$ cat protein08.cif   # mmCIF, C-alpha atoms
data_data
loop_
_atom_site.label_atom_id
_atom_site.label_comp_id
_atom_site.auth_asym_id
_atom_site.auth_seq_id
_atom_site.Cartn_x
_atom_site.Cartn_y
_atom_site.Cartn_z
CA MET A 1 0.00 0.00 0.00
CA ARG A 2 1.18 3.52 -0.83
CA GLU A 3 3.13 5.30 1.89
CA TRP A 4 1.24 8.51 2.50
CA VAL A 5 2.71 11.18 4.74
CA PHE A 6 0.02 12.83 6.85
CA VAL A 7 1.19 16.39 7.30
CA THR A 8 -0.28 17.71 10.54
CA SER A 9 1.00 19.20 13.74
CA SER A 10 -2.04 17.91 15.64
CA ARG A 11 -1.41 14.67 17.52
CA PRO A 12 -5.11 14.10 18.27
CA LYS A 13 -6.00 14.48 14.59
CA PHE A 14 -3.24 12.09 13.64
CA ALA A 15 -4.39 9.54 16.22
CA GLU A 16 -7.98 9.90 15.01
CA ALA A 17 -6.92 9.28 11.39
CA GLU A 18 -4.95 6.15 12.30
CA ARG A 19 -7.86 4.89 14.41
CA ILE A 20 -10.38 5.46 11.59
CA LEU A 21 -8.17 3.95 8.88
CA GLY A 22 -7.14 1.06 11.12
CA ARG A 23 -3.50 1.31 10.11
CA ARG A 24 -0.32 3.25 10.74
CA LEU A 25 0.50 6.45 8.86
CA ILE A 26 3.66 8.54 8.79
CA GLN A 27 3.23 11.82 10.65
CA HIS A 28 5.19 14.86 9.57
CA GLU A 29 4.97 18.31 11.11
CA LEU A 30 5.46 21.26 8.79
CA ASP A 31 4.82 24.86 9.62
CA LEU A 32 3.04 25.79 6.39
CA PRO A 33 1.30 29.10 5.75
CA GLU A 34 -2.45 28.72 5.24
CA VAL A 35 -4.42 30.87 2.86
CA GLN A 36 -7.20 33.10 4.24
CA ALA A 37 -10.56 31.75 3.16
CA LEU A 38 -13.83 30.72 4.75
CA ASP A 39 -14.14 27.54 2.70
CA LEU A 40 -11.96 24.52 3.34
CA GLU A 41 -11.37 23.67 -0.33
CA THR A 42 -9.31 26.82 -0.96
CA VAL A 43 -7.23 26.39 2.18
CA ILE A 44 -6.56 22.69 1.78
CA ALA A 45 -5.73 22.69 -1.95
CA SER A 46 -3.02 25.27 -1.38
CA LYS A 47 -1.71 23.48 1.71
CA ALA A 48 -1.50 20.09 -0.02
CA GLN A 49 0.65 21.52 -2.81
CA LEU A 50 2.95 23.36 -0.40
CA ALA A 51 3.38 20.19 1.69
CA TYR A 52 4.16 18.11 -1.41
CA LYS A 53 6.84 20.59 -2.50
CA ALA A 54 8.29 20.88 1.00
CA LEU A 55 8.67 17.10 1.21
CA GLY A 56 10.34 16.85 -2.18
CA GLY A 57 7.44 15.20 -3.94
CA ALA A 58 6.36 12.61 -1.37
CA PRO A 59 2.66 11.68 -1.57
CA VAL A 60 0.98 13.73 1.15
CA ILE A 61 -2.35 13.91 2.86
CA VAL A 62 -3.50 17.00 4.68
CA GLU A 63 -6.69 17.58 6.55
CA ASP A 64 -8.66 20.62 7.56
CA THR A 65 -11.84 20.83 9.56
CA GLY A 66 -14.13 23.84 9.75
CA LEU A 67 -17.12 24.91 11.80
CA PHE A 68 -19.80 26.71 9.79
CA ILE A 69 -22.36 28.47 11.99
CA ASP A 70 -25.65 29.21 10.19
CA CYS A 71 -26.61 32.49 11.86
CA TRP A 72 -23.08 33.78 11.23
CA ARG A 73 -23.39 32.93 7.54
CA GLY A 74 -20.65 30.32 7.71
CA LEU A 75 -18.23 32.06 10.05
CA PRO A 76 -15.79 30.89 11.43
CA GLY A 77 -15.57 28.17 8.75
CA ALA A 78 -11.97 27.29 7.92
CA LEU A 79 -10.86 30.11 10.25
CA VAL A 80 -12.08 28.33 13.41
CA ARG A 81 -8.51 27.84 14.63
CA TRP A 82 -8.24 31.60 15.29
CA PHE A 83 -11.41 31.53 17.36
CA GLU A 84 -10.01 28.60 19.35
CA GLU A 85 -6.71 30.39 19.98
CA THR A 86 -8.33 33.64 21.10
CA VAL A 87 -11.79 33.35 22.66
CA GLY A 88 -11.74 29.53 22.91
CA PRO A 89 -14.81 27.27 22.73
CA GLY A 90 -16.49 29.08 25.64
CA GLY A 91 -15.98 32.37 23.83
CA ILE A 92 -17.76 31.05 20.73
CA CYS A 93 -20.76 30.19 22.95
CA ALA A 94 -20.68 33.67 24.50
CA MET A 95 -20.53 35.30 21.05
CA LEU A 96 -23.69 33.37 20.15
CA GLU A 97 -25.68 34.66 23.14
CA GLY A 98 -27.56 37.23 21.08
CA PHE A 99 -28.57 34.66 18.44
CA ALA A 100 -31.52 32.27 18.65
CA ASN A 101 -30.42 29.88 15.90
CA ARG A 102 -27.45 27.75 16.99
CA ARG A 103 -27.38 25.41 13.96
CA ALA A 104 -23.92 24.58 12.65
CA ARG A 105 -22.18 22.28 10.24
CA ALA A 106 -18.86 20.58 10.91
CA GLN A 107 -16.92 19.65 7.80
CA THR A 108 -13.63 17.86 7.25
CA ILE A 109 -11.78 17.76 3.99
CA VAL A 110 -8.95 15.31 3.48
CA ALA A 111 -6.78 16.14 0.49
CA ALA A 112 -4.37 13.67 -1.08
CA TYR A 113 -1.69 15.09 -3.35
CA ASP A 114 0.87 13.16 -5.35
CA GLY A 115 1.15 15.54 -8.29
CA SER A 116 -2.61 15.57 -8.75
CA LEU A 117 -5.16 16.53 -6.15
CA GLU A 118 -8.06 14.54 -4.76
CA MET A 119 -10.36 15.84 -2.03
CA PHE A 120 -12.68 13.89 0.25
CA SER A 121 -15.33 15.59 2.33
CA GLY A 122 -17.28 14.57 5.41
CA GLU A 123 -20.01 16.63 7.05
CA VAL A 124 -22.04 16.50 10.22
CA GLN A 125 -25.00 18.75 10.98
CA GLY A 126 -25.57 19.82 14.54
CA GLN A 127 -25.73 22.74 16.90
CA ILE A 128 -23.58 24.77 19.25
CA ALA A 129 -24.08 24.06 22.97
CA LEU A 130 -24.97 26.88 25.37
CA ALA A 131 -21.64 26.33 27.12
CA PRO A 132 -18.72 23.88 26.76
CA ARG A 133 -19.42 20.40 28.14
CA GLY A 134 -17.17 17.37 28.53
CA ASP A 135 -13.45 16.81 28.65
CA GLN A 136 -12.90 14.42 25.75
CA GLY A 137 -11.65 15.22 22.28
CA PHE A 138 -9.94 18.44 21.25
CA GLY A 139 -10.53 21.78 19.57
CA TRP A 140 -14.20 22.72 19.72
CA ASP A 141 -15.47 19.19 20.47
CA THR A 142 -16.86 20.46 23.80
CA ILE A 143 -19.37 22.77 22.10
CA PHE A 144 -20.57 20.76 19.08
CA ILE A 145 -23.69 18.61 19.51
CA PRO A 146 -24.22 16.40 16.42
CA ASP A 147 -27.82 15.87 15.29
CA GLY A 148 -29.49 12.92 17.01
CA GLU A 149 -27.42 13.41 20.15
CA ILE A 150 -27.85 15.48 23.31
CA ARG A 151 -24.16 15.21 24.17
CA THR A 152 -21.30 17.26 22.74
CA PHE A 153 -18.40 15.45 21.06
CA GLY A 154 -16.50 16.36 24.23
CA GLU A 155 -18.83 14.14 26.27
CA MET A 156 -18.24 11.07 24.08
CA THR A 157 -15.51 8.47 24.03
CA SER A 158 -13.26 8.42 20.96
CA GLU A 159 -15.14 5.37 19.67
CA GLU A 160 -18.53 7.06 20.06
CA LYS A 161 -17.28 10.20 18.33
CA ASP A 162 -15.74 8.22 15.45
CA LEU A 163 -19.14 6.68 14.68
CA LEU A 164 -20.55 10.14 13.99
CA SER A 165 -17.60 12.29 13.04
CA MET A 166 -17.08 14.35 9.90
CA ARG A 167 -13.48 13.19 9.92
CA LYS A 168 -14.52 9.54 9.66
CA LYS A 169 -16.39 9.88 6.40
CA ALA A 170 -13.61 11.96 4.79
CA PHE A 171 -10.90 9.47 5.78
CA LEU A 172 -12.96 6.43 4.78
CA ASP A 173 -13.64 7.97 1.37
CA PHE A 174 -9.91 8.57 1.02
CA ALA A 175 -9.23 4.94 1.95
CA SER A 176 -11.72 3.56 -0.53
CA ALA A 177 -10.39 5.75 -3.36
CA GLU A 178 -6.90 4.56 -2.48
CA GLY A 179 -8.16 0.96 -2.65
CA ARG A 180 -9.55 1.56 -6.15
CA ASN A 181 -6.31 3.20 -7.32
CA ALA A 182 -4.09 0.46 -5.89
CA MET B 1 9.53 61.12 -6.73
CA ARG B 2 9.45 57.32 -6.87
CA GLU B 3 6.47 55.77 -8.72
CA TRP B 4 4.88 53.45 -6.20
CA VAL B 5 2.10 51.12 -7.26
CA PHE B 6 -0.56 50.84 -4.55
CA VAL B 7 -1.88 47.30 -4.87
CA THR B 8 -5.43 47.26 -3.58
CA SER B 9 -8.83 46.32 -4.88
CA SER B 10 -10.51 48.81 -2.53
CA ARG B 11 -11.37 52.12 -4.19
CA PRO B 12 -12.22 53.83 -0.89
CA LYS B 13 -8.83 52.83 0.58
CA PHE B 14 -7.08 54.07 -2.54
CA ALA B 15 -8.96 57.38 -2.41
CA GLU B 16 -8.14 57.73 1.29
CA ALA B 17 -4.42 57.14 0.61
CA GLU B 18 -4.29 59.75 -2.18
CA ARG B 19 -6.19 62.22 0.02
CA ILE B 20 -3.82 61.69 2.95
CA LEU B 21 -0.64 61.83 0.84
CA GLY B 22 -1.94 64.78 -1.16
CA ARG B 23 -0.79 63.31 -4.45
CA ARG B 24 -1.70 60.79 -7.13
CA LEU B 25 -0.71 57.14 -6.86
CA ILE B 26 -1.00 54.32 -9.35
CA GLN B 27 -3.71 51.82 -8.41
CA HIS B 28 -3.37 48.20 -9.39
CA GLU B 29 -5.80 45.42 -8.54
CA LEU B 30 -4.34 41.97 -7.96
CA ASP B 31 -6.15 39.01 -6.57
CA LEU B 32 -3.42 37.83 -4.20
CA PRO B 33 -3.84 35.06 -1.64
CA GLU B 34 -3.49 36.31 1.94
CA VAL B 35 -1.92 34.27 4.68
CA GLN B 36 -4.04 33.27 7.70
CA ALA B 37 -2.86 35.19 10.75
CA LEU B 38 -4.32 37.41 13.42
CA ASP B 39 -1.51 39.97 13.20
CA LEU B 40 -1.17 42.35 10.29
CA GLU B 41 2.62 42.09 10.02
CA THR B 42 2.51 38.44 8.91
CA VAL B 43 -0.24 39.04 6.36
CA ILE B 44 1.20 42.20 4.87
CA ALA B 45 4.83 41.06 4.59
CA SER B 46 3.77 38.07 2.53
CA LYS B 47 1.37 40.13 0.42
CA ALA B 48 3.97 42.80 -0.37
CA GLN B 49 6.41 40.21 -1.71
CA LEU B 50 3.74 38.47 -3.79
CA ALA B 51 2.64 41.80 -5.28
CA TYR B 52 6.22 42.78 -6.11
CA LYS B 53 6.78 39.48 -7.93
CA ALA B 54 3.43 39.66 -9.72
CA LEU B 55 4.27 43.13 -11.05
CA GLY B 56 7.72 42.09 -12.25
CA GLY B 57 9.67 43.99 -9.63
CA ALA B 58 7.83 47.31 -9.59
CA PRO B 59 8.03 49.13 -6.22
CA VAL B 60 4.74 48.34 -4.49
CA ILE B 61 2.83 49.50 -1.47
CA VAL B 62 0.16 47.37 0.14
CA GLU B 63 -2.02 48.15 3.10
CA ASP B 64 -3.94 46.10 5.58
CA THR B 65 -6.13 47.26 8.42
CA GLY B 66 -7.28 45.13 11.34
CA LEU B 67 -9.74 45.45 14.18
CA PHE B 68 -8.49 44.00 17.46
CA ILE B 69 -11.25 43.60 20.06
CA ASP B 70 -9.95 43.38 23.64
CA CYS B 71 -12.51 40.98 25.14
CA TRP B 72 -12.03 38.66 22.16
CA ARG B 73 -8.26 38.66 22.74
CA GLY B 74 -7.52 40.36 19.45
CA LEU B 75 -10.09 38.66 17.25
CA PRO B 76 -10.92 39.41 14.43
CA GLY B 77 -7.58 41.24 13.92
CA ALA B 78 -6.32 40.88 10.36
CA LEU B 79 -9.24 38.52 9.66
CA VAL B 80 -11.86 41.28 9.96
CA ARG B 81 -12.66 41.05 6.24
CA TRP B 82 -14.30 37.65 6.81
CA PHE B 83 -16.50 39.10 9.57
CA GLU B 84 -17.52 41.93 7.22
CA GLU B 85 -18.37 39.50 4.42
CA THR B 86 -20.45 37.20 6.62
CA VAL B 87 -22.10 38.80 9.65
CA GLY B 88 -21.28 42.39 8.63
CA PRO B 89 -20.71 45.30 11.04
CA GLY B 90 -24.12 44.76 12.70
CA GLY B 91 -23.24 41.12 13.28
CA ILE B 92 -20.03 42.07 15.08
CA CYS B 93 -22.13 44.25 17.45
CA ALA B 94 -24.55 41.34 18.02
CA MET B 95 -21.68 38.95 18.74
CA LEU B 96 -20.49 41.39 21.42
CA GLU B 97 -23.86 41.46 23.23
CA GLY B 98 -22.69 39.07 25.94
CA PHE B 99 -19.53 41.11 26.65
CA ALA B 100 -19.29 44.19 28.87
CA ASN B 101 -15.95 45.45 27.59
CA ARG B 102 -16.20 46.88 24.07
CA ARG B 103 -12.67 48.30 23.85
CA ALA B 104 -10.94 47.82 20.52
CA ARG B 105 -7.88 48.89 18.60
CA ALA B 106 -7.84 49.73 14.92
CA GLN B 107 -4.47 49.31 13.24
CA THR B 108 -3.24 49.96 9.73
CA ILE B 109 0.06 48.75 8.37
CA VAL B 110 1.40 50.14 5.12
CA ALA B 111 4.20 48.05 3.66
CA ALA B 112 6.54 49.31 0.97
CA TYR B 113 8.52 46.71 -0.96
CA ASP B 114 11.13 47.34 -3.62
CA GLY B 115 13.31 44.32 -2.89
CA SER B 116 13.50 45.18 0.77
CA LEU B 117 10.56 45.61 3.09
CA GLU B 118 9.59 48.61 5.21
CA MET B 119 6.46 48.67 7.37
CA PHE B 120 4.64 51.69 8.81
CA SER B 121 1.99 51.34 11.47
CA GLY B 122 -0.82 53.57 12.68
CA GLU B 123 -3.15 52.78 15.58
CA VAL B 124 -6.30 54.24 17.06
CA GLN B 125 -7.83 53.13 20.34
CA GLY B 126 -11.58 53.15 20.66
CA GLN B 127 -14.65 51.05 21.22
CA ILE B 128 -17.30 49.16 19.32
CA ALA B 129 -20.72 50.85 19.10
CA LEU B 130 -23.85 49.03 20.32
CA ALA B 131 -25.17 49.08 16.76
CA PRO B 132 -23.95 50.49 13.40
CA ARG B 133 -24.38 54.27 13.04
CA GLY B 134 -23.79 56.56 10.08
CA ASP B 135 -23.49 56.10 6.36
CA GLN B 136 -20.01 57.46 5.64
CA GLY B 137 -16.79 55.54 5.11
CA PHE B 138 -16.57 51.83 4.40
CA GLY B 139 -15.90 48.46 6.01
CA TRP B 140 -16.57 48.66 9.75
CA ASP B 141 -16.42 52.45 10.00
CA THR B 142 -20.05 52.45 11.18
CA ILE B 143 -19.22 50.57 14.40
CA PHE B 144 -15.85 52.02 15.47
CA ILE B 145 -15.89 54.99 17.89
CA PRO B 146 -12.38 56.43 18.27
CA ASP B 147 -11.39 57.63 21.75
CA GLY B 148 -12.35 61.27 22.41
CA GLU B 149 -15.36 61.00 20.10
CA ILE B 150 -18.96 59.95 20.59
CA ARG B 151 -19.48 59.41 16.85
CA THR B 152 -18.46 56.39 14.82
CA PHE B 153 -16.17 56.88 11.82
CA GLY B 154 -19.33 56.27 9.80
CA GLU B 155 -20.83 59.47 11.20
CA MET B 156 -17.85 61.64 10.19
CA THR B 157 -16.93 63.31 6.94
CA SER B 158 -13.80 62.00 5.17
CA GLU B 159 -11.87 65.03 6.42
CA GLU B 160 -12.94 64.46 10.05
CA LYS B 161 -12.05 60.79 9.84
CA ASP B 162 -8.64 61.50 8.27
CA LEU B 163 -7.70 63.69 11.24
CA LEU B 164 -8.09 60.67 13.54
CA SER B 165 -7.57 57.64 11.37
CA MET B 166 -5.07 54.82 11.81
CA ARG B 167 -4.53 54.93 8.05
CA LYS B 168 -3.36 58.54 8.20
CA LYS B 169 -0.46 57.91 10.54
CA ALA B 170 0.71 54.86 8.61
CA PHE B 171 0.63 56.67 5.25
CA LEU B 172 2.27 59.82 6.62
CA ASP B 173 5.08 57.74 8.13
CA PHE B 174 5.51 56.08 4.75
CA ALA B 175 5.64 59.51 3.06
CA SER B 176 8.22 60.87 5.46
CA ALA B 177 10.44 57.78 5.10
CA GLU B 178 10.15 58.17 1.34
CA GLY B 179 11.20 61.81 1.70
CA ARG B 180 14.31 60.76 3.65
CA ASN B 181 15.19 58.07 1.09
CA ALA B 182 14.68 60.36 -1.91
#
$ encode --input "protein08.cif" --output "structure tokens"
Amino acid sequence: MREWVFVTSSRPKFAEAERILGRRLIQHELDLPEVQALDLETVIASKAQLAYKALGGAPVIVEDTGLFIDCWRGLPGALVRWFEETVGPGGICAMLEGFANRRARAQTIVAAYDGSLEMFSGEVQGQIALAPRGDQGFGWDTIFIPDGEIRTFGEMTSEEKDLLSMRKKAFLDFASAEGRNA
Amino acid sequence: MREWVFVTSSRPKFAEAERILGRRLIQHELDLPEVQALDLETVIASKAQLAYKALGGAPVIVEDTGLFIDCWRGLPGALVRWFEETVGPGGICAMLEGFANRRARAQTIVAAYDGSLEMFSGEVQGQIALAPRGDQGFGWDTIFIPDGEIRTFGEMTSEEKDLLSMRKKAFLDFASAEGRNA
């Protein structure tokens, strides 16, 4: 099977990918600039090509996950990292206090680049909790309640989250495309 | 005097720069990718170099202005454009409803690049209005109240705003450095 390098500086994301795929990947950390955009496709296509060049043409996979809040017309989207690093998950809840509609969409795109680009998307609909809950997961897991659940991702075990997660579908689609190409 | 190309797709920013400098500039629109960062320095340094390359080595100036809200720990900063394009100025006010402290800093950086980079910064302290007011200016002028004023930039004439604006100081510093280098 092809040796893909998963370029990410996030250990939890890397662990989640290995768990979903059921096999080992190579992790590589690169400090790559990301392009400003609300949509994941723009950010990830540029990042995949930069990572491929930086690694001298090794086949790379990169991943990006965004949080698209309906009443904010898609904000923060692919920019959610900056919300995490400043106001944090609790701050996102506080910024939503004046809004009745808390619907949101979580989306992951996995991009595979080996000279040509393929993108795989997974989405989960849900809503933003009134306040952070739980101590599992990472990022904004503590404030995202997927549809059909009353718990946030932060209140679920890894295995429970994987059953529902946007990352699962994206990585499984990647794996099945890889199977077809093999 | 050196022929600088001001790379911007914003006509109001271009007009403001010519008004402040008291002379004509060359405007050029380029659709350049911007790097994701909260601070202006990172975004503008990369943009200046891309613009210089794209124009085949012509001396370029680029400008970026950010809005740094205290209680949001600097968010949206250099990412304010994405707030404008989604929730708009009124949405920023609504997102602040749950926060008592509305202090904010507006900062402009003008970068001049002709093979080497010089950056000029201007800052104005102020606060975010409860709701948008006024119909002058552009961007988030309608929600920013500079210290010492009760009006937003959106309630001032161009001339009144120029006396206070973060863009004025940055462009005047650029002009005086250019005078020294001439």
$ resolve_selection --input "protein08.cif" --expression "the PyMOL selection byres ((chain B) within 9 of (chain A))" --output "list of chain:residue names"
B:Pro33, B:Glu34, B:Val35, B:Gln36, B:Ala37, B:Leu38, B:Cys71, B:Trp72, B:Arg73, B:Gly74, B:Leu75, B:Pro76, B:Leu79, B:Trp82, B:Phe83, B:Glu85, B:Thr86, B:Val87, B:Gly91, B:Ala94, B:Met95, B:Leu96, B:Glu97, B:Gly98, B:Phe99
$ resolve_selection --input "protein08.cif" --expression "the PyMOL selection byres ((chain A and resi 132) around 6)" --output "list in words"
Gly90, Ala131, Arg133, Thr142 and Ile143 of chain A
$ residues_around --input "protein08.cif" --residues "segment 161-165 of chain B" --least-positions-apart "6" --cutoff "10 Å" --atoms "all atoms listed in the file" --output "ChimeraX atom specification"
/B:16-17,19-20,106-108,122-124,136-137,141,146-149,152-155
$ atom_distance --input "protein08.cif" --atom1 "atom CA of Arg23 of chain A" --atom2 "atom CA of Leu67 of chain A"
27.3 Å
$ closest_residue --input "protein08.cif" --among "A:Ser116, A:Ser10, A:Asn101, A:Ser121" --to "Ile69 of chain A" --atoms "all atoms listed in the file"
A:Asn101
$ residues_around --input "protein08.cif" --residues "Gly115 of chain A" --least-positions-apart "2" --cutoff "12 Å" --atoms "all atoms listed in the file" --output "ChimeraX atom specification"
/A:45,48-53,56-61,111-113,117-118
$ resolve_selection --input "protein08.cif" --expression "the PyMOL selection byres ((chain B and resi 171) around 9)" --output "list in words"
Ala17, Ile20, Leu21, Thr108, Ile109, Val110, Phe120, Ser121, Gly122, Met166, Arg167, Lys168, Lys169, Ala170, Leu172, Asp173, Phe174, Ala175 and Ser176 of chain B
$ atom_distance --input "protein08.cif" --atom1 "atom CA of Arg151 of chain B" --atom2 "atom CA of Gln125 of chain B"
13.7 Å
$ atom_distance --input "protein08.cif" --atom1 "atom CA of Gly22 of chain A" --atom2 "atom CA of Thr65 of chain A"
20.4 Å
$ residues_around --input "protein08.cif" --residues "Leu30 of chain B" --least-positions-apart "4" --cutoff "9 Å" --atoms "all atoms listed in the file" --output "JSON list (two decimals) with C-alpha atoms, in the frame of the given file"
[["chain", "number", "residue", "atom", "x", "y", "z"],
["B", 7, "VAL", "CA", -1.88, 47.30, -4.87],
["B", 8, "THR", "CA", -5.43, 47.26, -3.58],
["B", 9, "SER", "CA", -8.83, 46.32, -4.88],
["B", 51, "ALA", "CA", 2.64, 41.80, -5.28],
["B", 54, "ALA", "CA", 3.43, 39.66, -9.72]]
$ closest_residue --input "protein08.cif" --among "B:Val80, B:Asn181, B:Glu29, B:Asp70" --to "Gly139 of chain B" --atoms "only C-alpha atoms"
B:Val80
